$ cat run-v7.cif   # mmCIF, C-alpha atoms and all ligand atoms
data_my_file
loop_
_atom_site.label_atom_id
_atom_site.label_comp_id
_atom_site.auth_asym_id
_atom_site.auth_seq_id
_atom_site.Cartn_x
_atom_site.Cartn_y
_atom_site.Cartn_z
CA MET A 1 23.13 -3.14 7.85
CA LYS A 2 19.88 -4.75 8.92
CA PHE A 3 16.79 -5.34 6.81
CA TYR A 4 13.16 -4.78 7.75
CA SER A 5 9.94 -6.18 6.32
CA THR A 6 7.70 -3.83 4.35
CA ASN A 7 4.87 -5.21 6.51
CA ASN A 8 6.65 -4.59 9.81
CA LYS A 9 9.36 -1.97 10.07
CA ALA A 10 10.13 -3.02 13.64
CA LEU A 11 11.39 -6.39 12.42
CA ARG A 12 15.14 -6.43 11.81
CA VAL A 13 17.15 -9.29 10.33
CA SER A 14 20.75 -9.65 9.17
CA PHE A 15 21.71 -9.72 5.50
CA LYS A 16 22.36 -13.47 5.76
CA GLU A 17 18.93 -14.12 7.22
CA ALA A 18 17.23 -11.98 4.58
CA VAL A 19 19.04 -13.91 1.84
CA PHE A 20 18.10 -17.37 3.09
CA ASN A 21 14.53 -16.50 4.12
CA SER A 22 13.94 -14.69 0.83
CA LEU A 23 10.53 -13.60 2.16
CA PRO A 24 9.74 -12.51 5.75
CA ALA A 25 7.15 -14.68 7.51
CA ASP A 26 4.67 -11.77 7.38
CA LYS A 27 4.85 -11.93 3.54
CA GLY A 28 6.29 -8.44 3.21
CA LEU A 29 9.56 -7.88 1.37
CA TYR A 30 12.93 -7.13 2.90
CA MET A 31 14.28 -3.60 2.58
CA PRO A 32 17.50 -2.04 3.91
CA GLU A 33 16.86 -0.16 7.17
CA VAL A 34 18.62 2.90 5.72
CA ILE A 35 19.28 3.73 2.08
CA PRO A 36 23.05 4.09 1.85
CA GLN A 37 24.17 7.40 0.35
CA LEU A 38 27.03 7.31 -2.12
CA ASP A 39 29.82 9.86 -1.92
CA PRO A 40 28.96 12.63 -4.45
CA TYR A 41 32.65 12.71 -5.41
CA PHE A 42 32.41 9.05 -6.45
CA ILE A 43 29.39 9.81 -8.65
CA LYS A 44 31.11 12.85 -10.12
CA ASN A 45 34.05 10.72 -11.21
CA ILE A 46 32.17 7.53 -11.90
CA GLN A 47 33.30 7.25 -15.52
CA GLN A 48 36.78 6.30 -14.25
CA TYR A 49 35.58 3.03 -12.79
CA SER A 50 34.95 -0.43 -14.22
CA ILE A 51 31.66 -2.20 -13.68
CA GLN A 52 33.30 -4.45 -11.09
CA GLU A 53 34.73 -1.49 -9.17
CA ILE A 54 31.35 0.23 -9.17
CA ALA A 55 29.64 -3.00 -8.12
CA PHE A 56 32.01 -3.51 -5.22
CA ARG A 57 31.57 0.03 -3.98
CA ILE A 58 27.77 -0.28 -4.02
CA ALA A 59 27.53 -3.80 -2.63
CA GLN A 60 29.74 -2.84 0.29
CA THR A 61 27.41 -0.05 1.36
CA PHE A 62 24.66 -2.64 1.90
CA ILE A 63 26.64 -5.62 3.11
CA GLU A 64 29.22 -3.79 5.26
CA ASP A 65 31.14 -6.29 7.41
CA ASP A 66 28.75 -9.20 6.85
CA ILE A 67 31.07 -10.26 4.05
CA PRO A 68 34.73 -9.13 4.36
CA SER A 69 36.06 -6.95 1.52
CA ASP A 70 38.29 -9.57 -0.05
CA ALA A 71 35.53 -12.18 -0.17
CA LEU A 72 33.06 -9.64 -1.55
CA LYS A 73 35.54 -8.63 -4.25
CA ASN A 74 35.88 -12.26 -5.28
CA ILE A 75 32.11 -12.75 -5.34
CA ILE A 76 31.71 -9.74 -7.61
CA GLU A 77 34.53 -10.62 -9.95
CA ASP A 78 33.16 -14.13 -10.28
CA ALA A 79 29.49 -13.10 -10.63
CA ILE A 80 29.78 -9.98 -12.80
CA SER A 81 32.19 -11.48 -15.30
CA PHE A 82 30.62 -9.87 -18.38
CA ASN A 83 30.05 -6.37 -19.64
CA ALA A 84 26.94 -4.17 -19.79
CA PRO A 85 27.65 -1.82 -22.70
CA VAL A 86 25.49 1.12 -23.74
CA LYS A 87 25.15 1.18 -27.53
CA PHE A 88 24.14 4.59 -28.81
CA LEU A 89 21.45 4.67 -31.51
CA SER A 90 21.82 8.45 -31.73
CA ALA A 91 23.79 11.13 -29.87
CA ASP A 92 21.43 11.12 -26.90
CA THR A 93 19.66 7.74 -26.97
CA GLY A 94 21.35 4.53 -25.99
CA VAL A 95 20.41 0.95 -25.27
CA LEU A 96 21.92 -0.65 -22.18
CA GLU A 97 22.58 -4.25 -23.16
CA LEU A 98 22.18 -6.49 -20.14
CA PHE A 99 22.29 -9.79 -22.01
CA HIS A 100 25.99 -10.51 -22.24
CA GLY A 101 25.95 -13.01 -19.39
CA PRO A 102 25.74 -16.80 -19.74
CA SER A 103 21.95 -17.04 -19.99
CA TYR A 104 21.61 -13.99 -22.28
CA ALA A 105 19.18 -12.15 -20.03
CA PHE A 106 19.60 -9.47 -17.35
CA LYS A 107 18.60 -11.97 -14.67
CA ASP A 108 22.22 -13.20 -14.76
CA PHE A 109 23.19 -10.19 -12.63
CA GLY A 110 20.85 -11.12 -9.81
CA ALA A 111 21.10 -14.89 -10.01
CA ARG A 112 24.89 -15.08 -10.23
CA PHE A 113 25.43 -12.67 -7.35
CA MET A 114 22.83 -14.39 -5.16
CA SER A 115 24.21 -17.88 -5.80
CA ARG A 116 27.70 -16.86 -4.76
CA VAL A 117 26.45 -15.04 -1.67
CA MET A 118 24.50 -18.14 -0.63
CA ALA A 119 27.55 -20.33 -1.22
CA TYR A 120 29.66 -17.92 0.87
CA PHE A 121 27.25 -18.12 3.80
CA SER A 122 26.89 -21.91 3.60
CA THR A 123 29.58 -23.59 5.63
CA SER A 124 30.70 -27.10 4.82
CA ASP A 125 28.83 -28.35 7.92
CA ASP A 126 25.50 -27.18 6.55
CA ALA A 127 23.20 -29.65 4.87
CA LEU A 128 22.86 -29.45 1.09
CA LEU A 129 20.99 -26.27 0.16
CA ASP A 130 18.03 -27.11 -2.07
CA VAL A 131 17.04 -24.20 -4.27
CA LEU A 132 13.56 -24.47 -5.79
CA VAL A 133 12.66 -22.16 -8.64
CA ALA A 134 9.60 -21.82 -10.85
CA THR A 135 10.26 -20.14 -14.17
CA SER A 136 8.36 -18.86 -17.17
CA GLY A 137 11.63 -18.81 -19.10
CA ASP A 138 14.52 -16.52 -18.22
CA THR A 139 14.75 -16.90 -14.45
CA GLY A 140 15.41 -20.63 -14.64
CA GLY A 141 18.29 -20.27 -17.09
CA ALA A 142 19.96 -17.55 -15.05
CA VAL A 143 19.54 -19.44 -11.78
CA ALA A 144 20.80 -22.68 -13.37
CA SER A 145 23.94 -21.09 -14.74
CA GLY A 146 24.37 -19.07 -11.53
CA PHE A 147 24.40 -22.15 -9.32
CA LEU A 148 25.99 -24.61 -11.74
CA GLY A 149 28.85 -26.30 -9.91
CA VAL A 150 28.42 -24.14 -6.77
CA GLU A 151 29.36 -26.46 -3.94
CA GLY A 152 26.80 -27.36 -1.30
CA THR A 153 23.84 -26.37 -3.50
CA ARG A 154 21.33 -28.14 -5.72
CA VAL A 155 18.77 -26.46 -7.95
CA THR A 156 15.38 -27.83 -9.00
CA ILE A 157 13.75 -25.88 -11.82
CA LEU A 158 10.05 -26.19 -12.63
CA TYR A 159 8.86 -24.89 -15.99
CA PRO A 160 5.55 -25.11 -17.84
CA LYS A 161 5.44 -27.63 -20.67
CA GLY A 162 5.39 -26.07 -24.14
CA LYS A 163 5.49 -22.51 -22.82
CA VAL A 164 9.20 -21.69 -22.99
CA SER A 165 11.23 -21.14 -26.16
CA GLU A 166 13.55 -23.83 -27.49
CA ILE A 167 16.71 -22.05 -26.38
CA GLN A 168 15.24 -21.41 -22.95
CA GLU A 169 14.32 -25.08 -22.61
CA LEU A 170 17.83 -26.16 -23.57
CA GLN A 171 19.24 -23.75 -20.99
CA LEU A 172 17.06 -25.35 -18.33
CA THR A 173 17.54 -29.00 -19.21
CA THR A 174 21.12 -29.53 -20.37
CA ASN A 175 23.11 -28.47 -17.32
CA GLY A 176 23.54 -31.75 -15.44
CA ARG A 177 25.68 -31.70 -12.27
CA ASN A 178 23.75 -30.01 -9.44
CA ILE A 179 20.87 -28.77 -11.63
CA ARG A 180 17.65 -30.73 -12.24
CA ALA A 181 14.74 -29.73 -14.45
CA ILE A 182 11.09 -30.68 -14.14
CA GLU A 183 8.66 -30.09 -16.98
CA VAL A 184 5.27 -29.52 -15.42
CA ASP A 185 2.17 -30.38 -17.40
CA GLY A 186 0.51 -27.07 -16.55
CA THR A 187 1.04 -23.31 -16.52
CA PHE A 188 3.66 -21.08 -14.91
CA ASP A 189 1.17 -20.35 -12.13
CA ASP A 190 0.96 -24.11 -11.45
CA CYS A 191 4.76 -24.26 -11.19
CA GLN A 192 4.81 -21.35 -8.78
CA ALA A 193 2.04 -22.89 -6.68
CA LEU A 194 3.98 -26.17 -6.39
CA VAL A 195 7.08 -24.34 -5.16
CA LYS A 196 5.05 -22.29 -2.68
CA ARG A 197 3.39 -25.38 -1.26
CA ALA A 198 6.74 -27.12 -0.90
CA PHE A 199 7.99 -24.25 1.29
CA ASN A 200 4.96 -24.63 3.53
CA ASP A 201 5.11 -28.43 3.74
CA GLN A 202 6.36 -29.58 7.14
CA GLU A 203 7.48 -33.01 6.05
CA LEU A 204 9.58 -31.63 3.19
CA ASN A 205 11.11 -28.96 5.40
CA GLY A 206 11.94 -31.66 7.92
CA CYS A 207 14.13 -33.56 5.49
CA LEU A 208 15.37 -30.90 3.04
CA ARG A 209 17.00 -27.47 3.52
CA LEU A 210 14.81 -25.55 1.08
CA THR A 211 15.36 -22.04 -0.17
CA SER A 212 13.99 -19.96 -2.99
CA ALA A 213 15.75 -18.08 -5.76
CA ASN A 214 12.92 -15.89 -6.91
CA SER A 215 13.19 -12.28 -7.88
CA ILE A 216 12.11 -10.83 -4.55
CA ASN A 217 15.30 -11.99 -2.84
CA ILE A 218 17.32 -9.00 -1.60
CA ALA A 219 20.49 -10.61 -2.99
CA ARG A 220 18.99 -10.31 -6.46
CA LEU A 221 17.88 -6.71 -6.00
CA ILE A 222 21.25 -5.30 -4.88
CA PRO A 223 23.29 -6.40 -7.94
CA GLN A 224 20.65 -4.98 -10.26
CA THR A 225 21.55 -1.49 -9.01
CA PHE A 226 25.11 -1.92 -10.33
CA TYR A 227 24.31 -1.47 -13.99
CA TYR A 228 22.30 1.72 -13.49
CA PHE A 229 25.44 3.36 -12.11
CA TYR A 230 27.57 1.84 -14.83
CA ALA A 231 25.18 3.03 -17.55
CA TYR A 232 25.31 6.51 -16.08
CA ALA A 233 29.11 6.32 -16.16
CA GLN A 234 29.01 5.52 -19.88
CA LEU A 235 26.62 8.39 -20.55
CA LYS A 236 28.88 10.76 -18.62
CA ALA A 237 31.82 9.69 -20.73
CA GLN A 238 29.79 11.10 -23.67
CA GLY A 239 29.44 14.42 -21.87
CA ILE A 240 25.80 13.92 -20.80
CA ASP A 241 24.93 13.93 -17.11
CA ARG A 242 21.12 13.99 -17.05
CA VAL A 243 19.46 10.68 -17.69
CA VAL A 244 16.03 9.15 -18.17
CA PHE A 245 15.94 5.36 -17.82
CA THR A 246 13.24 3.29 -19.51
CA VAL A 247 12.78 -0.19 -18.08
CA PRO A 248 10.67 -3.00 -19.57
CA SER A 249 8.80 -4.17 -16.50
CA GLY A 250 6.98 -7.30 -15.35
CA ASN A 251 7.53 -7.98 -11.67
CA PHE A 252 9.16 -4.53 -11.31
CA GLY A 253 12.35 -5.90 -9.74
CA ASN A 254 14.60 -4.35 -12.36
CA ILE A 255 13.10 -0.86 -12.16
CA GLY A 256 12.90 -1.23 -8.37
CA ALA A 257 16.69 -1.55 -8.33
CA GLY A 258 16.96 1.55 -10.52
CA LEU A 259 14.78 3.51 -8.12
CA LEU A 260 16.92 2.30 -5.24
CA ALA A 261 20.02 3.53 -7.12
CA TYR A 262 18.31 6.91 -7.52
CA LYS A 263 17.58 7.06 -3.80
CA MET A 264 21.28 6.29 -3.16
CA GLY A 265 22.26 9.43 -5.05
CA LEU A 266 22.36 8.50 -8.74
CA PRO A 267 21.23 11.65 -10.60
CA VAL A 268 18.25 10.33 -12.58
CA GLU A 269 15.69 12.71 -14.02
CA GLN A 270 12.91 10.19 -14.55
CA PHE A 271 12.13 6.49 -14.78
CA VAL A 272 9.81 5.18 -17.45
CA ALA A 273 8.17 1.85 -16.68
CA ALA A 274 7.15 0.27 -19.97
CA THR A 275 4.79 -2.70 -19.80
CA ASN A 276 2.94 -4.97 -22.22
CA ALA A 277 -0.84 -5.44 -21.92
CA ASN A 278 -0.33 -6.34 -18.24
CA ASP A 279 -0.87 -2.78 -17.12
CA THR A 280 -1.61 -2.99 -13.40
CA VAL A 281 1.03 -0.37 -12.54
CA PRO A 282 0.26 2.16 -15.28
CA ARG A 283 -3.40 2.03 -14.21
CA PHE A 284 -2.43 2.47 -10.57
CA LEU A 285 -0.29 5.51 -11.34
CA ARG A 286 -3.22 7.08 -13.19
CA ASN A 287 -6.02 6.44 -10.72
CA GLY A 288 -4.38 5.37 -7.45
CA LEU A 289 -6.24 2.04 -7.42
CA TYR A 290 -4.13 -1.08 -7.21
CA GLU A 291 -6.21 -3.69 -9.03
CA PRO A 292 -4.17 -6.78 -9.94
CA LYS A 293 -5.54 -8.97 -12.72
CA PRO A 294 -4.77 -12.48 -13.97
CA SER A 295 -1.81 -12.28 -16.33
CA ILE A 296 -2.40 -11.88 -20.07
CA GLN A 297 -0.17 -13.79 -22.50
CA THR A 298 1.88 -11.52 -24.78
CA LEU A 299 4.91 -11.57 -27.09
CA ALA A 300 7.04 -10.19 -24.25
CA ASN A 301 6.24 -13.16 -22.06
CA ALA A 302 8.81 -12.48 -19.34
CA MET A 303 6.63 -9.48 -18.46
CA ASP A 304 3.30 -11.33 -18.37
CA VAL A 305 2.63 -10.44 -14.76
CA GLY A 306 -0.72 -9.26 -13.44
CA ASP A 307 0.34 -8.62 -9.84
CA PRO A 308 3.98 -7.42 -9.84
CA SER A 309 5.76 -8.92 -6.84
CA ASN A 310 8.27 -6.10 -6.36
CA TRP A 311 5.79 -3.24 -6.50
CA VAL A 312 5.44 -3.06 -2.70
CA ARG A 313 9.17 -2.31 -2.49
CA ILE A 314 8.76 0.65 -4.80
CA ARG A 315 5.78 1.93 -2.83
CA ASP A 316 7.89 1.60 0.29
CA LEU A 317 10.72 3.63 -1.27
CA PHE A 318 8.23 6.45 -1.92
CA GLU A 319 6.42 6.32 1.42
CA ASN A 320 3.37 4.89 -0.31
CA ASN A 321 2.64 8.36 -1.65
CA LEU A 322 1.06 8.49 -5.11
CA GLU A 323 2.25 12.02 -5.82
CA ASN A 324 5.85 11.11 -5.01
CA LEU A 325 5.61 7.99 -7.13
CA ASN A 326 4.21 9.93 -10.07
CA ARG A 327 6.93 12.54 -9.79
CA MET A 328 9.63 9.93 -10.48
CA ILE A 329 7.86 7.25 -12.53
CA THR A 330 6.06 7.59 -15.85
CA SER A 331 4.41 4.46 -17.15
CA TYR A 332 3.10 3.33 -20.52
CA SER A 333 1.70 0.01 -21.73
CA TYR A 334 1.84 -1.45 -25.25
CA THR A 335 -0.01 -4.03 -27.29
CA ASP A 336 1.64 -6.90 -29.18
CA LYS A 337 0.91 -5.09 -32.43
CA GLN A 338 2.81 -2.02 -31.25
CA THR A 339 5.63 -4.22 -30.01
CA LYS A 340 6.00 -5.95 -33.38
CA ALA A 341 5.95 -2.63 -35.22
CA ALA A 342 8.62 -1.28 -32.86
CA MET A 343 10.85 -4.30 -33.48
CA GLU A 344 10.54 -3.70 -37.21
CA GLN A 345 11.24 0.00 -36.88
CA LEU A 346 14.32 -0.58 -34.74
CA HIS A 347 15.60 -2.98 -37.34
CA HIS A 348 14.88 -0.77 -40.35
CA THR A 349 15.91 2.58 -38.91
CA TYR A 350 18.82 1.59 -36.68
CA HIS A 351 19.70 -1.93 -37.90
CA TYR A 352 19.14 -2.98 -34.34
CA ILE A 353 17.48 -6.34 -33.66
CA ALA A 354 15.73 -6.22 -30.31
CA CYS A 355 13.79 -8.79 -28.29
CA PRO A 356 10.14 -7.85 -27.69
CA HIS A 357 10.83 -6.67 -24.09
CA THR A 358 13.56 -4.35 -25.33
CA ALA A 359 11.30 -3.01 -28.10
CA ILE A 360 8.68 -2.11 -25.49
CA ALA A 361 11.33 -0.18 -23.56
CA TRP A 362 12.29 1.70 -26.70
CA LEU A 363 8.63 2.64 -27.28
CA GLY A 364 8.46 3.97 -23.73
CA SER A 365 11.60 6.05 -24.17
CA GLN A 366 10.26 7.54 -27.42
CA ALA A 367 6.90 8.36 -25.88
CA TYR A 368 8.56 10.12 -22.98
CA ARG A 369 10.77 12.15 -25.30
CA GLY A 370 7.71 13.14 -27.29
CA GLU A 371 6.05 14.48 -24.17
CA HIS A 372 9.20 15.93 -22.61
CA PRO A 373 11.55 17.24 -25.29
CA GLY A 374 14.82 18.51 -23.88
CA SER A 375 18.50 17.90 -23.53
CA TYR A 376 18.91 14.75 -21.57
CA GLY A 377 20.31 11.31 -22.25
CA SER A 378 17.78 8.58 -22.73
CA ILE A 379 18.80 5.03 -21.89
CA PHE A 380 16.47 2.11 -22.44
CA LEU A 381 17.28 -1.29 -21.04
CA SER A 382 17.68 -4.37 -23.19
CA THR A 383 16.83 -7.27 -20.94
CA ALA A 384 17.41 -10.26 -23.23
CA HIS A 385 19.22 -11.32 -26.38
CA PRO A 386 16.76 -11.48 -29.30
CA CYS A 387 17.76 -15.08 -30.12
CA LYS A 388 15.81 -16.23 -27.04
CA PHE A 389 12.51 -15.20 -28.60
CA PRO A 390 12.36 -16.65 -32.14
CA ASP A 391 8.56 -16.78 -32.18
CA ALA A 392 8.36 -13.01 -31.86
CA ILE A 393 10.76 -12.31 -34.74
CA SER A 394 10.19 -12.83 -38.46
CA GLU A 395 12.26 -15.62 -40.00
CA GLU A 396 13.97 -13.20 -42.35
CA VAL A 397 15.18 -11.00 -39.49
CA PHE A 398 15.99 -13.93 -37.22
CA LYS A 399 18.44 -15.24 -39.80
CA LYS A 400 20.42 -12.03 -39.44
CA ILE A 401 20.96 -12.45 -35.70
CA LYS A 402 24.48 -13.39 -34.80
CA LEU A 403 23.98 -16.29 -32.41
CA PRO A 404 26.24 -16.25 -29.36
CA GLU A 405 28.71 -19.13 -29.29
CA GLY A 406 27.08 -20.68 -26.25
CA VAL A 407 23.77 -20.99 -28.09
CA GLU A 408 25.38 -22.98 -30.90
CA GLN A 409 26.84 -25.33 -28.33
CA LEU A 410 23.47 -25.75 -26.60
CA GLN A 411 22.02 -27.36 -29.72
CA HIS A 412 24.44 -30.27 -29.35
CA LYS A 413 23.70 -31.01 -25.71
CA THR A 414 21.21 -33.62 -24.56
CA LYS A 415 18.08 -32.77 -22.67
CA ASP A 416 17.64 -34.33 -19.25
CA VAL A 417 14.22 -33.65 -17.80
CA VAL A 418 11.58 -35.26 -15.62
CA VAL A 419 7.94 -34.78 -16.60
CA LEU A 420 5.38 -34.39 -13.81
CA PRO A 421 1.69 -33.53 -13.67
CA ALA A 422 0.76 -30.26 -11.93
CA GLU A 423 -0.03 -32.10 -8.69
CA PHE A 424 1.66 -31.44 -5.39
CA ASP A 425 1.85 -35.08 -4.31
CA ALA A 426 3.73 -36.01 -7.46
CA PHE A 427 6.22 -33.18 -6.89
CA LYS A 428 6.62 -34.02 -3.21
CA ASN A 429 7.17 -37.71 -3.90
CA TYR A 430 9.78 -36.81 -6.50
CA LEU A 431 11.67 -34.58 -4.05
CA ILE A 432 11.66 -37.25 -1.34
CA ALA A 433 12.53 -40.14 -3.63
CA ASN A 434 15.45 -38.17 -5.12
CA LYS A 435 16.81 -36.69 -1.92
C1 LIG B 501 12.30 -10.92 -16.14
C2 LIG B 501 12.34 -10.13 -17.41
C3 LIG B 501 11.76 -8.85 -17.51
C4 LIG B 501 10.99 -8.23 -16.38
O1 LIG B 501 11.80 -7.84 -15.30
P1 LIG B 501 11.12 -7.50 -13.90
O2 LIG B 501 12.26 -7.30 -12.97
O3 LIG B 501 10.28 -8.70 -13.55
O4 LIG B 501 10.30 -6.29 -14.09
C5 LIG B 501 11.88 -8.15 -18.70
N1 LIG B 501 12.51 -8.69 -19.75
C6 LIG B 501 13.08 -9.91 -19.71
C7 LIG B 501 13.74 -10.45 -20.91
C8 LIG B 501 13.02 -10.68 -18.53
O5 LIG B 501 13.57 -11.89 -18.50
#

$ encode --input "run-v7.cif" --output "structure tokens" --more "lines below"
Ligand SMILES: *Cc1c(COP(=O)(O)O)cnc(C)c1O
Amino acid sequence: MKFYSTNNKALRVSFKEAVFNSLPADKGLYMPEVIPQLDPYFIKNIQQYSIQEIAFRIAQTFIEDDIPSDALKNIIEDAISFNAPVKFLSADTGVLELFHGPSYAFKDFGARFMSRVMAYFSTSDDALLDVLVATSGDTGGAVASGFLGVEGTRVTILYPKGKVSEIQELQLTTNGRNIRAIEVDGTFDDCQALVKRAFNDQELNGCLRLTSANSINIARLIPQTFYYFYAYAQLKAQGIDRVVFTVPSGNFGNIGAGLLAYKMGLPVEQFVAATNANDTVPRFLRNGLYEPKPSIQTLANAMDVGDPSNWVRIRDLFENNLENLNRMITSYSYTDKQTKAAMEQLHHTYHYIACPHTAIAWLGSQAYRGEHPGSYGSIFLSTAHPCKFPDAISEEVFKKIKLPEGVEQLQHKTKDVVVLPAEFDAFKNYLIANK
């Protein structure tokens, strides 16, 4: 399978090239040249398979012989080493919990798979692979734990000072080994700008083998399709085979993977994209005008994105046709006040403690059901463990959260972090001095 750029369909690169480039030079995004079609018999019997078996089957349709079966099996067993259960709140509404990985957010699926694919393609003769990543919180933790101890790689994480939660900061700064953390005296946008400039800096590229781990990498998109199939399998086991997925969306990578799964043959009735006040996509779907805006800070901060980076992929999947997009995607946006009220309601009515992103997804699923009553299964995605967002949760409710064991351990680890101003020269000098 080859991959093209959304800006130039004549361009074709191998899977390996797409993974290491991350972004084509023309600034499009890589897409598979054909959407693989899954055997309908496999879908019909999907409830028989484990998440790893499903993952292997799907990954192989994209990767083909670029990674031999045995190696791919090992990558998947190592990367997807945790479950993605659907917990049913009622007979037909379930929450797909994607936070049972080591960083307690769904980004573990993408980051762990990508890190192992990169390690597989790096031979021992290659120079050390330097992964640079800017994070507003969850990406850094997932990438750090994904690459921790992976031979031949080193990760440098940049995060904005004072803008990540305490648990997130501990996840970024207590890894040691091949992971380094830089606290930037600036915003997330500053962090991202520093990383972007590093990739374009000739001198740095002359002495370091730089690569990026951001969410547009094709090796992060593919593993995010796995859990849509696995969620469907769990719904089918309950005797329901029509599904509406609601996805809390920021950069639209997660829902993009769901839409890809649909195009591969997963029988999905509708996708609901639920956003916070950053409503560029809901506005686009209403009026056909794509008008990105600077991001607005909200309670669901992992979705504070004004110009979603994966949206072009979704447009590409639907031939850039607004009518086709609207047929498959419904989108709603919610204020912080609505998000807080939803978190309270989930707690009171269902005894379910959700992170703000998950609560927004639940709101979206309820709104869709209100407008489209009928007999279908509704699955909303829970993208992070609530313990990662203490500021968004009342103290009384927070006390009731059962902290994962790993979080308790984090509190006893020591922070190791370098503080830099948001200036490129300072960052560049650091990279060169600490080669
Ligand atoms: C990254 C993230 C999102 C948004 O996912 P996208 O793929 O960027 O749309 C939602 N919730 C949480 C908790 C996240 O970390």

$ residues_near_ligand --input "run-v7.cif" --ligand "ligand LIG 501 (chain B)" --cutoff "8 Å" --atoms "only C-alpha atoms and all ligand atoms" --output "ChimeraX atom specification"
/A:105-107,137-139,215,247-256,300-303,305,308,310,355,357-358,382-385

$ write_last_selection --input "run-v7.cif" --atoms "C-alpha atoms" --output "tab-separated table (two decimals), keeping the file's coordinate frame"
chain	number	residue	atom	x	y	z
A	105	ALA	CA	19.18	-12.15	-20.03
A	106	PHE	CA	19.60	-9.47	-17.35
A	107	LYS	CA	18.60	-11.97	-14.67
A	137	GLY	CA	11.63	-18.81	-19.10
A	138	ASP	CA	14.52	-16.52	-18.22
A	139	THR	CA	14.75	-16.90	-14.45
A	215	SER	CA	13.19	-12.28	-7.88
A	247	VAL	CA	12.78	-0.19	-18.08
A	248	PRO	CA	10.67	-3.00	-19.57
A	249	SER	CA	8.80	-4.17	-16.50
A	250	GLY	CA	6.98	-7.30	-15.35
A	251	ASN	CA	7.53	-7.98	-11.67
A	252	PHE	CA	9.16	-4.53	-11.31
A	253	GLY	CA	12.35	-5.90	-9.74
A	254	ASN	CA	14.60	-4.35	-12.36
A	255	ILE	CA	13.10	-0.86	-12.16
A	256	GLY	CA	12.90	-1.23	-8.37
A	300	ALA	CA	7.04	-10.19	-24.25
A	301	ASN	CA	6.24	-13.16	-22.06
A	302	ALA	CA	8.81	-12.48	-19.34
A	303	MET	CA	6.63	-9.48	-18.46
A	305	VAL	CA	2.63	-10.44	-14.76
A	308	PRO	CA	3.98	-7.42	-9.84
A	310	ASN	CA	8.27	-6.10	-6.36
A	355	CYS	CA	13.79	-8.79	-28.29
A	357	HIS	CA	10.83	-6.67	-24.09
A	358	THR	CA	13.56	-4.35	-25.33
A	382	SER	CA	17.68	-4.37	-23.19
A	383	THR	CA	16.83	-7.27	-20.94
A	384	ALA	CA	17.41	-10.26	-23.23
A	385	HIS	CA	19.22	-11.32	-26.38

$ atom_distance --input "run-v7.cif" --atom1 "atom CA of Cys387 of chain A" --atom2 "atom CA of Gln171 of chain A"
12.7 Å

$ residues_around --input "run-v7.cif" --residues "Pro386 of chain A" --least-positions-apart "3" --cutoff "12 Å" --atoms "only C-alpha atoms" --output "ChimeraX atom specification"
/A:97-100,104-105,165,167-168,300,343,347,352-359,382-383,389-394,397-404,407

$ closest_residue --input "run-v7.cif" --among "A:Asn217, A:Asn434, A:Ser122, A:Asn276" --to "Ala257 of chain A" --atoms "only C-alpha atoms"
A:Asn217

$ residues_around --input "run-v7.cif" --residues "Val243 of chain A" --least-positions-apart "5" --cutoff "9 Å" --atoms "all atoms listed in the file" --output "number ranges by chain"
A: 232, 235, 267-271, 376-379

$ atom_distance --input "run-v7.cif" --atom1 "atom CA of Pro421 of chain A" --atom2 "atom CA of Lys161 of chain A"
9.9 Å

$ closest_atom_pairs --input "run-v7.cif" --of "segment 163-275 of chain A" --to "segment 38-48 of chain A" --cutoff "8 Å" --atoms "all atoms listed in the file" --output "CSV"
residue,atom,partner,partner_atom,distance
A:Phe229,CA,A:Ile46,CA,7.9
A:Tyr230,CA,A:Ile46,CA,7.9
A:Ala233,CA,A:Gln47,CA,4.3
A:Gln234,CA,A:Gln47,CA,6.4
A:Lys236,CA,A:Gln47,CA,6.4
A:Ala237,CA,A:Gln47,CA,5.9
A:Met264,CA,A:Leu38,CA,5.9
A:Gly265,CA,A:Leu38,CA,6.0
A:Leu266,CA,A:Ile43,CA,7.2

$ write_last_selection --input "run-v7.cif" --atoms "C-alpha atoms" --output "short mmCIF file (atom, residue, chain, number, x, y, z; two decimals), keeping the file's coordinate frame"
data_model
loop_
_atom_site.label_atom_id
_atom_site.label_comp_id
_atom_site.auth_asym_id
_atom_site.auth_seq_id
_atom_site.Cartn_x
_atom_site.Cartn_y
_atom_site.Cartn_z
CA PHE A 229 25.44 3.36 -12.11
CA TYR A 230 27.57 1.84 -14.83
CA ALA A 233 29.11 6.32 -16.16
CA GLN A 234 29.01 5.52 -19.88
CA LYS A 236 28.88 10.76 -18.62
CA ALA A 237 31.82 9.69 -20.73
CA MET A 264 21.28 6.29 -3.16
CA GLY A 265 22.26 9.43 -5.05
CA LEU A 266 22.36 8.50 -8.74
#

$ residues_around --input "run-v7.cif" --residues "Val150 of chain A" --least-positions-apart "6" --cutoff "8 Å" --atoms "all atoms listed in the file" --output "CSV table (one decimal) with C-alpha atoms, in the coordinates of the input"
chain,number,residue,atom,x,y,z
A,115,SER,CA,24.2,-17.9,-5.8
A,116,ARG,CA,27.7,-16.9,-4.8
A,119,ALA,CA,27.6,-20.3,-1.2
A,178,ASN,CA,23.8,-30.0,-9.4

$ residues_around --input "run-v7.cif" --residues "segment 71-77 of chain A" --least-positions-apart "4" --cutoff "9 Å" --atoms "all atoms listed in the file" --output "PyMOL selection string"
chain A and resi 52-53+55-56+59-60+63+67+81+113+116-117+120

$ closest_residue --input "run-v7.cif" --among "A:Leu221, A:Ile54, A:Leu208, A:Ile157" --to "Met114 of chain A" --atoms "only C-alpha atoms"
A:Leu221
